Each structure stands twice: as structure tokens, then as C-alpha cells.
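Novice: Got a structure for you, questions after.
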Amino acid sequence: MRTILLIALGGGIGSVFRYLTAQWINKYSQLFFPYATFVTNIAGCFLIGLFLGYLEKNNITNPDLKFFLVTGFCGGYTTFSTFSNENVQLLQANQIGTAFLYIGLSVILGLAATYAGLMVSKL
């Protein structure tokens, strides 16, 4: 039960941060590209790398922190279902180039951001 509560707490906090990130990004961005979800997912990739790298570097084996930060916070913060829906909408609107740009950049930069988070955590 403790694990479930930690994941729920982290997920709730991550979801609120996702909402706040989207509000901030949407305030300053044009809508032809789904910047809010894109930035959130890349930041989430960086954070998961940072959290996992930090825990490993400092030999922190407490599973509670991993459940709270990785499964909970990052799980609540990142937005794969929204990412999928936005791509379907782009494809339905015949914006195929934008959809594939979004998919490609998200995957490539997501992997790079996760790796960068791991490297930063080891400094």
C-alpha cells in the first residue's frame, strides 16, 4: 500500500507540473506544432535520466524514491497518450510532414534528453 501511495503522490505532483508546463508553453507558442506536449515529454525524458542517474551515482537503493520520482512523478508528468492523440489529429488534418517531424524529433530528442540526464547526474 505504501508503494501505491508514493506512486499516486508522485503522479499527482507530476500531473500538476505537466498542466503548469502546458499553460506556460501555450501562452507563448503558436499552435501549428504541439509544443507543450513536446517540451513536456523531452523534459520528462531528461528528468527520468537525471533521477535514475542520481540514484545510481549515489548508490541509493531505496525503492520508495524510485517509485515516487520515476514511476510516479515522471509517469504523471510525461504525456504519451496526448502525444499519440496529437499525431492522429495532425494526420487527420493532412499535416503529414508536421506529424512525422513531431514523431521523429520526440523520439530522437527524448532519447538524447534521457542520456543527457544520466550524464548530468554523474557530474
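Convention: chains lettered A, B, ... in C-alpha cells order; per-chain residue numbering from 1; ligands numbered from 1 as shown.
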Considering only C-alpha atoms, return as a list in words whatever protein or nucleic-acid residues lie within 9 Å of Lys57 of chain A, sequence-local ones (same chain, fewer than 3 positions apart) excluded.
Specialist: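 Residues meeting the cut-off are Leu52, Gly53, Tyr54, Ile60, Ser121 and Lys122 of chain A.
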Novice: Could you give me, as a VMD selection string, the residues within 10 Å of Thr98 of chain A, counting only C-alpha atoms and dropping anything in the same chain fewer than 3 positions from it?
Specialist: chain A and resid 32 to 34 87 90 to 91 94 to 95 101 to 104
Novice: So, counting only C-alpha atoms, which residue among A:Leu105, A:Ile96, A:Ala113, A:Leu55 is closest to Tyr35 of chain A?
Specialist: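 So, comparing all the options, the nearest one is A:Leu105.
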Novice: Write out as a list of chain:residue names the residues lying within 8 Å of Asn26 of chain A, counting only C-alpha atoms and excluding same-chain residues fewer than 4 positions away.
Specialist: A:Ala22, A:Gln30, A:Leu31, A:Tyr35, A:Ala36
